[in-house]
Structures are given as structure tokens and as C-alpha cells.
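Q: One file is attached below, work.cif, containing mmCIF, C-alpha atoms and all ligand atoms.
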```cif
data_input
#
loop_
_atom_site.label_atom_id
_atom_site.label_comp_id
_atom_site.auth_asym_id
_atom_site.auth_seq_id
_atom_site.Cartn_x
_atom_site.Cartn_y
_atom_site.Cartn_z
CA MET V 1 -22.97 -29.64 -5.61
CA SER V 2 -23.63 -26.02 -6.45
CA ASN V 3 -20.17 -24.92 -7.52
CA ARG V 4 -20.32 -21.66 -9.39
CA PHE V 5 -17.17 -20.83 -11.29
CA GLU V 6 -18.63 -18.48 -13.89
CA GLY V 7 -17.46 -14.89 -13.30
CA ARG V 8 -15.01 -15.78 -10.54
CA VAL V 9 -11.53 -14.29 -10.70
CA ALA V 10 -8.41 -16.40 -10.14
CA ILE V 11 -4.69 -15.83 -9.88
CA VAL V 12 -2.57 -18.84 -10.79
CA THR V 13 1.15 -18.40 -10.16
CA GLY V 14 3.79 -20.16 -12.24
CA ALA V 15 1.08 -20.81 -14.82
CA GLY V 16 3.22 -20.53 -17.94
CA ASN V 17 4.11 -24.21 -17.84
CA GLY V 18 3.24 -27.59 -16.37
CA LEU V 19 0.67 -27.82 -13.63
CA GLY V 20 -0.04 -24.09 -13.38
CA ARG V 21 -0.82 -23.93 -17.09
CA ALA V 22 -3.24 -26.87 -16.77
CA HIS V 23 -4.92 -25.24 -13.74
CA ALA V 24 -5.27 -21.90 -15.57
CA LEU V 25 -6.80 -23.60 -18.62
CA GLY V 26 -9.08 -25.72 -16.42
CA LEU V 27 -10.33 -22.68 -14.49
CA ALA V 28 -10.83 -20.65 -17.68
CA ALA V 29 -12.80 -23.51 -19.25
CA ARG V 30 -15.24 -23.17 -16.32
CA GLY V 31 -15.72 -19.45 -16.98
CA VAL V 32 -13.18 -18.16 -14.44
CA LYS V 33 -11.23 -15.02 -15.40
CA VAL V 34 -7.61 -15.95 -14.90
CA MET V 35 -4.51 -13.91 -14.16
CA VAL V 36 -1.80 -16.14 -15.62
CA ASN V 37 1.37 -15.38 -13.69
CA ASP V 38 4.79 -16.61 -14.65
CA LEU V 39 8.17 -15.03 -14.71
CA GLY V 40 8.84 -17.51 -17.47
CA GLY V 41 12.00 -18.55 -19.19
CA ALA V 42 14.62 -20.86 -17.83
CA ARG V 43 13.89 -23.95 -15.77
CA ASP V 44 15.14 -22.33 -12.58
CA GLY V 45 13.00 -19.27 -13.16
CA ARG V 46 15.86 -16.77 -13.59
CA ASP V 47 14.65 -15.36 -16.92
CA ALA V 48 12.22 -12.49 -16.43
CA SER V 49 10.28 -12.72 -19.73
CA THR V 50 6.52 -13.16 -19.48
CA SER V 51 6.18 -15.10 -22.75
CA PRO V 52 5.04 -18.49 -21.36
CA ALA V 53 2.26 -16.72 -19.47
CA GLU V 54 1.29 -14.83 -22.61
CA ALA V 55 1.13 -18.07 -24.60
CA VAL V 56 -1.28 -19.54 -22.03
CA VAL V 57 -3.40 -16.38 -22.18
CA GLN V 58 -3.59 -16.76 -25.97
CA GLU V 59 -4.75 -20.37 -25.54
CA ILE V 60 -7.45 -19.30 -23.09
CA ARG V 61 -8.65 -16.48 -25.34
CA ALA V 62 -8.68 -18.76 -28.39
CA ALA V 63 -11.03 -21.05 -26.46
CA GLY V 64 -13.32 -18.11 -25.66
CA GLY V 65 -12.08 -17.46 -22.11
CA GLU V 66 -10.84 -14.33 -20.38
CA ALA V 67 -7.28 -14.02 -19.09
CA MET V 68 -4.37 -11.67 -18.49
CA ALA V 69 -0.66 -12.37 -18.35
CA ASN V 70 1.51 -11.18 -15.52
CA GLY V 71 5.27 -11.54 -15.14
CA ALA V 72 5.65 -10.89 -11.41
CA ASN V 73 8.32 -12.75 -9.52
CA VAL V 74 6.28 -14.11 -6.63
CA ALA V 75 9.26 -13.73 -4.33
CA ARG V 76 9.00 -9.92 -4.67
CA PHE V 77 6.12 -8.46 -2.71
CA GLU V 78 5.83 -5.17 -4.64
CA GLU V 79 5.51 -7.11 -7.91
CA VAL V 80 2.88 -9.35 -6.36
CA GLN V 81 0.96 -6.36 -5.02
CA ALA V 82 0.98 -4.79 -8.49
CA MET V 83 -0.30 -8.08 -9.95
CA ILE V 84 -3.20 -8.24 -7.49
CA ALA V 85 -4.01 -4.56 -8.12
CA ALA V 86 -4.07 -5.25 -11.88
CA ALA V 87 -6.53 -8.13 -11.38
CA GLN V 88 -8.71 -5.97 -9.15
CA ASN V 89 -8.65 -3.06 -11.57
CA ALA V 90 -9.65 -5.27 -14.47
CA TRP V 91 -12.12 -7.58 -12.79
CA GLY V 92 -13.07 -5.95 -9.47
CA ARG V 93 -12.19 -8.86 -7.16
CA VAL V 94 -10.00 -11.90 -6.58
CA ASP V 95 -11.84 -15.05 -5.53
CA ILE V 96 -9.26 -17.76 -6.05
CA LEU V 97 -5.52 -17.92 -5.54
CA VAL V 98 -3.62 -20.98 -6.70
CA ASN V 99 -0.07 -20.75 -5.37
CA ASN V 100 1.77 -22.97 -7.80
CA ALA V 101 5.05 -21.29 -8.83
CA GLY V 102 8.05 -23.36 -7.89
CA ILE V 103 11.64 -24.30 -8.58
CA LEU V 104 13.92 -27.19 -7.70
CA ARG V 105 17.61 -27.08 -6.74
CA ASP V 106 18.22 -30.69 -5.75
CA ALA V 107 21.42 -31.64 -3.92
CA THR V 108 22.18 -33.73 -0.87
CA PHE V 109 22.36 -31.62 2.26
CA ALA V 110 26.13 -32.17 2.34
CA ARG V 111 26.53 -30.63 -1.13
CA LEU V 112 23.73 -28.10 -1.00
CA SER V 113 24.75 -24.45 -0.96
CA LEU V 114 22.89 -22.24 1.45
CA ASP V 115 22.20 -19.88 -1.46
CA ASP V 116 20.32 -22.67 -3.23
CA PHE V 117 18.46 -23.61 -0.05
CA TRP V 118 17.20 -20.05 0.41
CA ALA V 119 16.45 -19.63 -3.32
CA VAL V 120 14.04 -22.56 -3.08
CA MET V 121 12.54 -21.22 0.14
CA ASP V 122 12.18 -17.81 -1.50
CA VAL V 123 10.01 -19.01 -4.38
CA HIS V 124 7.89 -21.55 -2.49
CA VAL V 125 7.59 -20.04 0.97
CA ARG V 126 8.14 -16.32 0.47
CA GLY V 127 6.30 -16.46 -2.88
CA THR V 128 3.28 -18.24 -1.41
CA VAL V 129 3.20 -15.99 1.64
CA ASN V 130 3.53 -12.87 -0.54
CA CYS V 131 0.66 -13.83 -2.82
CA THR V 132 -1.55 -15.00 0.02
CA LYS V 133 -0.86 -11.87 2.09
CA ALA V 134 -1.60 -9.68 -0.94
CA VAL V 135 -5.10 -11.16 -1.37
CA TRP V 136 -5.91 -11.79 2.30
CA ASP V 137 -7.46 -8.43 3.20
CA LEU V 138 -9.56 -8.23 0.08
CA MET V 139 -10.80 -11.79 0.54
CA ARG V 140 -11.72 -10.92 4.14
CA GLU V 141 -13.54 -7.80 2.95
CA GLN V 142 -15.48 -9.62 0.25
CA LYS V 143 -16.08 -12.52 2.67
CA TYR V 144 -15.04 -15.06 0.09
CA GLY V 145 -11.75 -16.66 -0.81
CA ARG V 146 -10.35 -19.96 -2.00
CA ILE V 147 -6.63 -20.52 -1.64
CA VAL V 148 -4.57 -23.50 -2.75
CA LEU V 149 -1.02 -23.98 -1.51
CA THR V 150 1.02 -26.38 -3.61
CA SER V 151 2.95 -28.81 -1.47
CA SER V 152 4.48 -32.11 -2.52
CA ALA V 153 4.85 -35.63 -1.23
CA SER V 154 8.45 -34.50 -0.74
CA GLY V 155 7.29 -32.14 1.98
CA ILE V 156 5.09 -34.76 3.60
CA TYR V 157 7.26 -37.89 3.31
CA GLY V 158 10.66 -36.62 2.10
CA ASN V 159 12.75 -37.33 -0.99
CA PHE V 160 16.48 -37.95 -1.06
CA GLY V 161 18.34 -34.79 -2.13
CA GLN V 162 15.38 -32.48 -1.50
CA SER V 163 16.08 -30.92 1.89
CA SER V 164 15.36 -27.42 0.55
CA TYR V 165 12.29 -28.43 -1.41
CA GLY V 166 10.98 -30.71 1.35
CA THR V 167 11.33 -27.95 3.94
CA ALA V 168 9.56 -25.45 1.71
CA LYS V 169 6.78 -27.86 0.84
CA ALA V 170 6.18 -28.89 4.47
CA ALA V 171 5.71 -25.18 5.24
CA MET V 172 2.59 -25.23 3.06
CA VAL V 173 0.88 -27.55 5.53
CA GLY V 174 1.80 -25.30 8.46
CA LEU V 175 0.51 -22.22 6.67
CA MET V 176 -2.72 -23.95 5.68
CA ASN V 177 -3.45 -25.12 9.23
CA VAL V 178 -3.37 -21.58 10.60
CA LEU V 179 -4.96 -19.73 7.67
CA HIS V 180 -7.81 -22.24 7.71
CA MET V 181 -8.63 -21.12 11.26
CA GLU V 182 -8.12 -17.42 10.67
CA GLY V 183 -10.01 -17.40 7.36
CA ASP V 184 -12.95 -19.48 8.54
CA LYS V 185 -15.20 -16.63 9.62
CA TYR V 186 -14.69 -14.85 6.26
CA ASP V 187 -15.45 -17.94 4.16
CA ILE V 188 -11.82 -18.15 3.11
CA ARG V 189 -11.00 -21.81 2.58
CA VAL V 190 -7.40 -22.91 2.42
CA ASN V 191 -6.23 -26.25 1.12
CA VAL V 192 -3.01 -27.97 0.16
CA LEU V 193 -2.42 -29.82 -3.09
CA ALA V 194 0.24 -32.52 -3.23
CA PRO V 195 0.50 -33.22 -6.95
CA THR V 196 2.63 -35.43 -9.09
CA ALA V 197 2.88 -34.80 -12.82
CA ALA V 198 5.13 -34.99 -15.83
CA THR V 199 6.48 -31.46 -16.23
CA ARG V 200 9.82 -29.71 -16.74
CA MET V 201 10.31 -30.20 -13.03
CA THR V 202 10.13 -33.98 -13.19
CA ALA V 203 11.70 -34.42 -16.66
CA GLY V 204 14.51 -36.94 -16.41
CA LEU V 205 13.49 -38.02 -12.91
CA ILE V 206 10.63 -40.34 -13.89
CA PRO V 207 10.60 -43.35 -16.26
CA GLU V 208 9.09 -42.76 -19.74
CA HIS V 209 6.12 -45.15 -19.34
CA ALA V 210 5.08 -43.46 -16.08
CA MET V 211 5.38 -39.98 -17.62
CA LYS V 212 2.60 -40.88 -20.08
CA LEU V 213 0.14 -41.41 -17.21
CA MET V 214 1.15 -38.24 -15.46
CA ALA V 215 -0.36 -35.44 -17.53
CA PRO V 216 -0.75 -32.23 -15.49
CA GLU V 217 -4.39 -32.18 -16.67
CA SER V 218 -4.98 -35.27 -14.55
CA VAL V 219 -4.30 -33.16 -11.43
CA THR V 220 -6.35 -30.06 -12.29
CA PRO V 221 -9.82 -31.45 -11.38
CA GLY V 222 -8.48 -31.73 -7.82
CA VAL V 223 -7.62 -28.03 -7.84
CA LEU V 224 -11.08 -27.16 -9.18
CA PHE V 225 -12.58 -29.17 -6.33
CA LEU V 226 -10.43 -27.27 -3.81
CA VAL V 227 -11.45 -23.83 -5.12
CA GLY V 228 -15.16 -24.25 -5.84
CA ASP V 229 -17.97 -22.70 -3.79
CA ASP V 230 -18.37 -26.02 -1.99
CA ALA V 231 -14.67 -26.48 -1.39
CA PRO V 232 -13.52 -28.13 1.81
CA SER V 233 -10.91 -26.40 3.97
CA LYS V 234 -7.73 -27.70 5.60
CA VAL V 235 -7.56 -30.65 3.25
CA ILE V 236 -4.34 -32.10 1.89
CA LEU V 237 -5.28 -33.58 -1.46
CA GLY V 238 -2.89 -35.87 -3.26
CA ALA V 239 -3.37 -35.91 -7.04
CA GLY V 240 -1.66 -37.52 -10.00
CA CYS V 241 -2.35 -39.91 -12.89
CA GLY V 242 -6.07 -39.44 -12.22
CA VAL V 243 -5.61 -40.81 -8.70
CA PHE V 244 -6.87 -38.66 -5.82
CA THR V 245 -5.96 -39.30 -2.20
CA ARG V 246 -6.14 -37.48 1.09
CA ASN V 247 -3.44 -37.11 3.71
CA PHE V 248 -4.17 -36.89 7.40
CA VAL V 249 -2.02 -36.13 10.41
CA TYR V 250 -2.99 -38.15 13.46
CA GLU V 251 -1.66 -38.55 16.97
CA THR V 252 -1.47 -41.86 18.77
CA GLU V 253 -3.27 -42.35 22.06
CA GLY V 254 0.06 -42.35 23.86
CA ILE V 255 0.83 -43.14 27.46
CA TYR V 256 1.02 -41.19 30.69
CA LEU V 257 4.12 -41.65 32.79
CA PRO V 258 4.09 -40.78 36.49
CA GLU V 259 7.02 -38.63 37.57
CA SER V 260 9.07 -41.54 38.88
CA GLU V 261 8.95 -43.21 35.45
CA ARG V 262 9.82 -40.19 33.29
CA THR V 263 13.14 -41.48 32.06
CA PRO V 264 14.44 -42.15 28.55
CA GLU V 265 14.78 -45.81 29.53
CA VAL V 266 11.07 -46.13 30.32
CA ILE V 267 10.15 -44.26 27.14
CA ALA V 268 12.37 -46.66 25.17
CA ALA V 269 10.83 -49.68 26.89
CA ARG V 270 7.31 -48.46 26.16
CA PHE V 271 7.98 -46.95 22.74
CA ALA V 272 5.89 -49.62 20.99
CA GLU V 273 2.92 -48.57 23.15
CA ILE V 274 3.57 -44.89 22.44
CA SER V 275 3.66 -45.75 18.73
CA ASN V 276 0.58 -47.97 18.78
CA ALA V 277 -1.55 -46.71 15.90
CA GLU V 278 -4.74 -48.55 16.82
CA ARG V 279 -6.33 -45.48 18.42
CA LEU V 280 -5.58 -42.33 16.48
CA THR V 281 -6.89 -38.81 17.01
CA ALA V 282 -7.01 -36.00 14.47
CA LEU V 283 -6.33 -32.83 16.44
CA GLU V 284 -8.05 -29.59 15.54
CA SER V 285 -5.27 -27.34 16.79
CA ALA V 286 -2.10 -27.23 18.86
CA THR V 287 -4.18 -26.16 21.84
CA HIS V 288 -6.27 -29.29 21.37
CA GLN V 289 -3.11 -31.34 21.93
CA THR V 290 -2.23 -29.45 25.11
CA LEU V 291 -5.74 -29.94 26.51
CA ARG V 292 -5.60 -33.60 25.63
CA PHE V 293 -2.34 -34.02 27.53
CA VAL V 294 -3.69 -32.10 30.51
CA ASP V 295 -6.84 -34.28 30.52
CA LYS V 296 -4.83 -37.47 30.30
CA ALA V 297 -2.45 -36.44 33.08
CA THR V 298 -5.37 -35.26 35.25
CA ALA V 299 -7.26 -38.53 34.73
CA ALA V 300 -4.13 -40.55 35.55
CA ALA V 301 -3.47 -38.49 38.69
CA LYS V 302 -7.10 -38.96 39.79
CA THR V 303 -6.89 -42.71 39.22
CA ALA V 304 -3.70 -42.81 41.31
CA TYR V 305 -5.36 -40.71 44.06
CA ASP V 306 -8.49 -42.92 44.09
CA GLN V 307 -6.46 -46.08 44.53
P1 LIG V 401 7.22 -26.24 -13.87
O1 LIG V 401 8.66 -25.93 -13.73
O2 LIG V 401 6.72 -26.85 -15.14
O3 LIG V 401 6.37 -24.92 -13.62
C1 LIG V 401 6.67 -24.03 -12.58
C2 LIG V 401 6.48 -22.64 -13.10
O4 LIG V 401 6.73 -21.71 -12.05
C3 LIG V 401 7.45 -22.29 -14.24
O5 LIG V 401 6.71 -21.89 -15.38
C4 LIG V 401 8.30 -21.17 -13.67
O6 LIG V 401 8.67 -20.19 -14.64
C5 LIG V 401 7.37 -20.59 -12.61
N1 LIG V 401 8.13 -19.87 -11.60
C6 LIG V 401 9.26 -20.26 -10.97
N2 LIG V 401 9.66 -19.32 -10.11
C7 LIG V 401 8.75 -18.33 -10.17
C8 LIG V 401 8.63 -17.07 -9.51
N3 LIG V 401 9.53 -16.67 -8.61
N4 LIG V 401 7.57 -16.28 -9.81
C9 LIG V 401 6.65 -16.67 -10.75
N5 LIG V 401 6.74 -17.85 -11.41
C10 LIG V 401 7.77 -18.67 -11.12
O7 LIG V 401 6.86 -27.13 -12.61
P2 LIG V 401 5.54 -27.95 -12.23
O8 LIG V 401 5.94 -29.36 -12.11
O9 LIG V 401 4.39 -27.58 -13.06
O10 LIG V 401 5.33 -27.44 -10.73
C11 LIG V 401 4.24 -26.66 -10.31
C12 LIG V 401 4.15 -26.74 -8.80
O11 LIG V 401 3.84 -28.07 -8.41
C13 LIG V 401 5.44 -26.36 -8.09
O12 LIG V 401 5.14 -25.67 -6.90
C14 LIG V 401 6.03 -27.70 -7.76
O13 LIG V 401 6.92 -27.64 -6.69
C15 LIG V 401 4.79 -28.50 -7.45
N6 LIG V 401 4.96 -29.94 -7.55
C16 LIG V 401 5.19 -30.53 -8.75
C17 LIG V 401 5.33 -31.89 -8.82
C18 LIG V 401 5.49 -32.60 -10.10
O14 LIG V 401 5.51 -33.85 -10.07
N7 LIG V 401 5.62 -31.94 -11.22
C19 LIG V 401 5.34 -32.72 -7.59
C20 LIG V 401 5.03 -32.01 -6.41
C21 LIG V 401 4.88 -30.65 -6.40
#
```
Please express what this file holds, its structure, as C-alpha cells.

A:
Amino acid sequence: MSNRFEGRVAIVTGAGNGLGRAHALGLAARGVKVMVNDLGGARDGRDASTSPAEAVVQEIRAAGGEAMANGANVARFEEVQAMIAAAQNAWGRVDILVNNAGILRDATFARLSLDDFWAVMDVHVRGTVNCTKAVWDLMREQKYGRIVLTSSASGIYGNFGQSSYGTAKAAMVGLMNVLHMEGDKYDIRVNVLAPTAATRMTAGLIPEHAMKLMAPESVTPGVLFLVGDDAPSKVILGAGCGVFTRNFVYETEGIYLPESERTPEVIAARFAEISNAERLTALESATHQTLRFVDKATAAAKTAYDQ
């Protein structure tokens, strides 16, 4: 491995607390100059003070690192643009973006207010898109970029009461899939982190003995792996308690139905075959799926013609 972190410039959003703080400290310890973003304050992010970010900057400086605090609300594009401009002015480039800022507004879908749904989408989806868009052109120009999108097992598998959060976190996978393709030729690598850690966000939700294992610092090496020179791209990395896993999306082999059999009854009767997970394919793109279907249908039609 030839990962070079020294002299790189990173933006870590929501880095005043929890996971973001651990990522910022971890990057700084490797010699990365870090813009520590956090709008700070209350658990739901409504307070606009930058003090948590400033505290993290002090920690980094005390350890001999280089960092700047920034209080942008990631949901506001002008504030994000100003943050990126400040990093560029100070350090000349932005190599790494760790989209980490987040909030929770848990409620069952029946009780959830639409305002809360969109507030969660605003921070996670709009915030991530804003920050990523704001660095995209400069990463293309410098032909180098490493971007982490913070998802959650909630977005991949679901969690009761987290329709807003789950929707927002699933969006990270969709965004990664496309940016991976579009960034490829500029050496921009885009990955998703699905962490689990004891933070303000999980306080009260997780039993005490488990919380002890779940230090945010146990996740950060995964982020460093995802943003190094030798980073992979289009990887969903699960991380927590020092455990690292990878998530894949596969498609089953499936079945071809001739026109006369294309009924819901036949699909129901053959659903076990459709679901058979013995032969799985990882598809490179949506187009890959279409071509696969066309191939399968063509082969089936040819077999029928030959008989
Ligand atoms: P946390 O609440 O400790 O930290 C999140 C930080 O984001 C806070 O400091 C908050 O001020 C900041 N923030 C919120 N809205 C912001 C905005 N609009 N602009 C800038 N900063 C903003 O939470 P934690 O647990 O460290 O979460 C970090 C990320 O990891 C989040 O995206 C979260 O959804 C995700 N995550 C956390 C898990 C966990 O187990 N803690 C599980 C799965 C995902």
C-alpha cells in the first residue's frame, strides 16, 4: 500500500461530535489538513454556533496538526460553497470529502410529520449533494478526489421508525453508484460508509455494555481506507466495534417466461425459482441489467425456435 495522506486536504462535515470528530482527528493524525465543519449545538442541529468544530480544531492543533473550523449548514449551498472556497484559499485544493453530518427525527410513518421527513432529507441528502457538488469540479480539474457518503444499515436493511432516515441513507448508495462511474476518469473515488457507533445519535437506543464496544474511533480506520490514494471505489463498507464488513447488491439468475406464461399466477408459482440465490450476479450498471434481460430473452426465443 502506498497511501499518502501527508499534505492532503479534507473536509469533514458534522465533525464537531461523534463519528465526524473521530474521522477529523484520524485524518489529522495522518498529516491531512482538515476543515472541521459543524453547525454545532443542539442534538437536532438547530443551533448555529461553531463551538464544537472549534473544540475539535483545538484538539488537532494541540496534537501538532493543521485544521480550520467552519460552521456551514450543509443544507445551504451558499454556505457550503463559502466553506469550500475557504479551504481552497487556505490550502489550495480539496482532496477528500467525508460527508458525515446528520440528524435523526425518528417516528413511525403514521406519526411522522412531513416537515420532519424533509428536515432529515435536507441534512443527509441535500447536505451531501451540496458538499459533493461544491467539490466536484475542482476534483475533476485536479484529477483527484476521494468522497465518502455516510449511509447506515437503516438505509440498507431498514429500522422501525426510521422511514425518513432510511430513505435518506439509501440515497447515499444511489448517489455513489452514479458518481463512481462519472468520477472514474478523473480518479475521483466514491464510497459509502455504513457505520455504527456510540454517539449522541445512538444515546439511549443501545444497551450500556454494547456502547462500550462502539467507540467512534473504531470506525475511523475504515474511512481512512476509503479515502487513501489506494482507495477502492463503489464500496459499501460496514464498520463498528472494530468489525469491518462489505455489502453487495446482487441479482438472482431469474427465469424467462414466454408470453403465454406472463401472468401473476405463474410468477407466484415460480417465485421460489425467481428468488433462488444460488447463482447471483453483481451488475455494473442499470444498462447491464437491461442487456442481461435482452440476452436471456433472446437465448430463450432462439431455443424455442430451434426446437
Ligand atoms: P452526532 O449527532 O454525534 O454527530 C452529527 C453531527 O452533525 C453533529 O455534530 C451535528 O451538529 C452535525 N450536523 C447536523 N446537521 C448539520 C448540518 N446541517 N450542517 C452541518 N453539521 C450538521 O451523530 P453521529 O452518530 O456521529 O453521526 C454521524 C453520521 O453517521 C451521520 O450521518 C449519521 O446518520 C451516521 N450514522 C451514525 C450511526 C451511529 O450508530 N452513530 C449509524 C449509522 C449512521

Q: Return as a PyMOL selection string every polymer residue, whether protein, DNA or RNA, with at least one atom no more than 7 Å from an atom of ligand LIG 401 (chain V); count only C-alpha atoms and all ligand atoms.

A: chain V and resi 13-20+37-45+71-75+100-103+123-124+127+150-153+194-202

Q: Could you write out that same residue set with C-alpha atoms as a short mmCIF file (atom, residue, chain, number, x, y, z; two decimals), keeping the file's coordinate frame?

A:
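Saved result, selection_7.cif, follows:
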```cif
data_model
loop_
_atom_site.label_atom_id
_atom_site.label_comp_id
_atom_site.auth_asym_id
_atom_site.auth_seq_id
_atom_site.Cartn_x
_atom_site.Cartn_y
_atom_site.Cartn_z
CA THR V 13 1.15 -18.40 -10.16
CA GLY V 14 3.79 -20.16 -12.24
CA ALA V 15 1.08 -20.81 -14.82
CA GLY V 16 3.22 -20.53 -17.94
CA ASN V 17 4.11 -24.21 -17.84
CA GLY V 18 3.24 -27.59 -16.37
CA LEU V 19 0.67 -27.82 -13.63
CA GLY V 20 -0.04 -24.09 -13.38
CA ASN V 37 1.37 -15.38 -13.69
CA ASP V 38 4.79 -16.61 -14.65
CA LEU V 39 8.17 -15.03 -14.71
CA GLY V 40 8.84 -17.51 -17.47
CA GLY V 41 12.00 -18.55 -19.19
CA ALA V 42 14.62 -20.86 -17.83
CA ARG V 43 13.89 -23.95 -15.77
CA ASP V 44 15.14 -22.33 -12.58
CA GLY V 45 13.00 -19.27 -13.16
CA GLY V 71 5.27 -11.54 -15.14
CA ALA V 72 5.65 -10.89 -11.41
CA ASN V 73 8.32 -12.75 -9.52
CA VAL V 74 6.28 -14.11 -6.63
CA ALA V 75 9.26 -13.73 -4.33
CA ASN V 100 1.77 -22.97 -7.80
CA ALA V 101 5.05 -21.29 -8.83
CA GLY V 102 8.05 -23.36 -7.89
CA ILE V 103 11.64 -24.30 -8.58
CA VAL V 123 10.01 -19.01 -4.38
CA HIS V 124 7.89 -21.55 -2.49
CA GLY V 127 6.30 -16.46 -2.88
CA THR V 150 1.02 -26.38 -3.61
CA SER V 151 2.95 -28.81 -1.47
CA SER V 152 4.48 -32.11 -2.52
CA ALA V 153 4.85 -35.63 -1.23
CA ALA V 194 0.24 -32.52 -3.23
CA PRO V 195 0.50 -33.22 -6.95
CA THR V 196 2.63 -35.43 -9.09
CA ALA V 197 2.88 -34.80 -12.82
CA ALA V 198 5.13 -34.99 -15.83
CA THR V 199 6.48 -31.46 -16.23
CA ARG V 200 9.82 -29.71 -16.74
CA MET V 201 10.31 -30.20 -13.03
CA THR V 202 10.13 -33.98 -13.19
#
```

Q: Could you make a table, as CSV, of the residues of range 221-241 of chain V that have an atom within 8 Å of an atom of range 165-185 of chain V, each with its nearest atom pair and distance in Å to one decimal, counting only C-alpha atoms, in chain and number order?

A:
```
residue,atom,partner,partner_atom,distance
V:Ser233,CA,V:His180,CA,6.4
V:Lys234,CA,V:His180,CA,5.9
V:Ile236,CA,V:Val173,CA,7.8
```

Q: Got a sec: who's within 10 Å of Ala300 in chain V, counting all atoms listed in the file, leaving out chain neighbours fewer than 5 positions off, as a compact mmCIF listing (two decimals) with C-alpha atoms, in the coordinates of the input?

A:
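Printed below is out03.txt as written:
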```txt
# COMPACT_ATOMS: atom_id res chain seq x y z
CA ILE V 255 0.83 -43.14 27.46
CA TYR V 256 1.02 -41.19 30.69
CA LEU V 257 4.12 -41.65 32.79
CA PRO V 258 4.09 -40.78 36.49
CA VAL V 294 -3.69 -32.10 30.51
CA ASP V 295 -6.84 -34.28 30.52
CA TYR V 305 -5.36 -40.71 44.06
CA ASP V 306 -8.49 -42.92 44.09
```

Q: Just to confirm, what's the straight-line distance from CA of Ala210 in chain V to CA of Ser163 in chain V in Å (one decimal)?

A: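 One can read the CA of Ala210 in chain V to CA of Ser163 in chain V distance as 24.5 Å.
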
Q: What's around range 4-6 of chain V at 8 Å? Count all atoms listed in the file, leave out sequence neighbours fewer than 6 positions away in its own chain, and write the answer as a ChimeraX atom specification.

A: /V:27,30-32,228-229

Q: Would you save the residues from that selection as a compact mmCIF listing (two decimals), in the frame of the given file, using C-alpha atoms?

A:
```
# COMPACT_ATOMS: atom_id res chain seq x y z
CA LEU V 27 -10.33 -22.68 -14.49
CA ARG V 30 -15.24 -23.17 -16.32
CA GLY V 31 -15.72 -19.45 -16.98
CA VAL V 32 -13.18 -18.16 -14.44
CA GLY V 228 -15.16 -24.25 -5.84
CA ASP V 229 -17.97 -22.70 -3.79
```
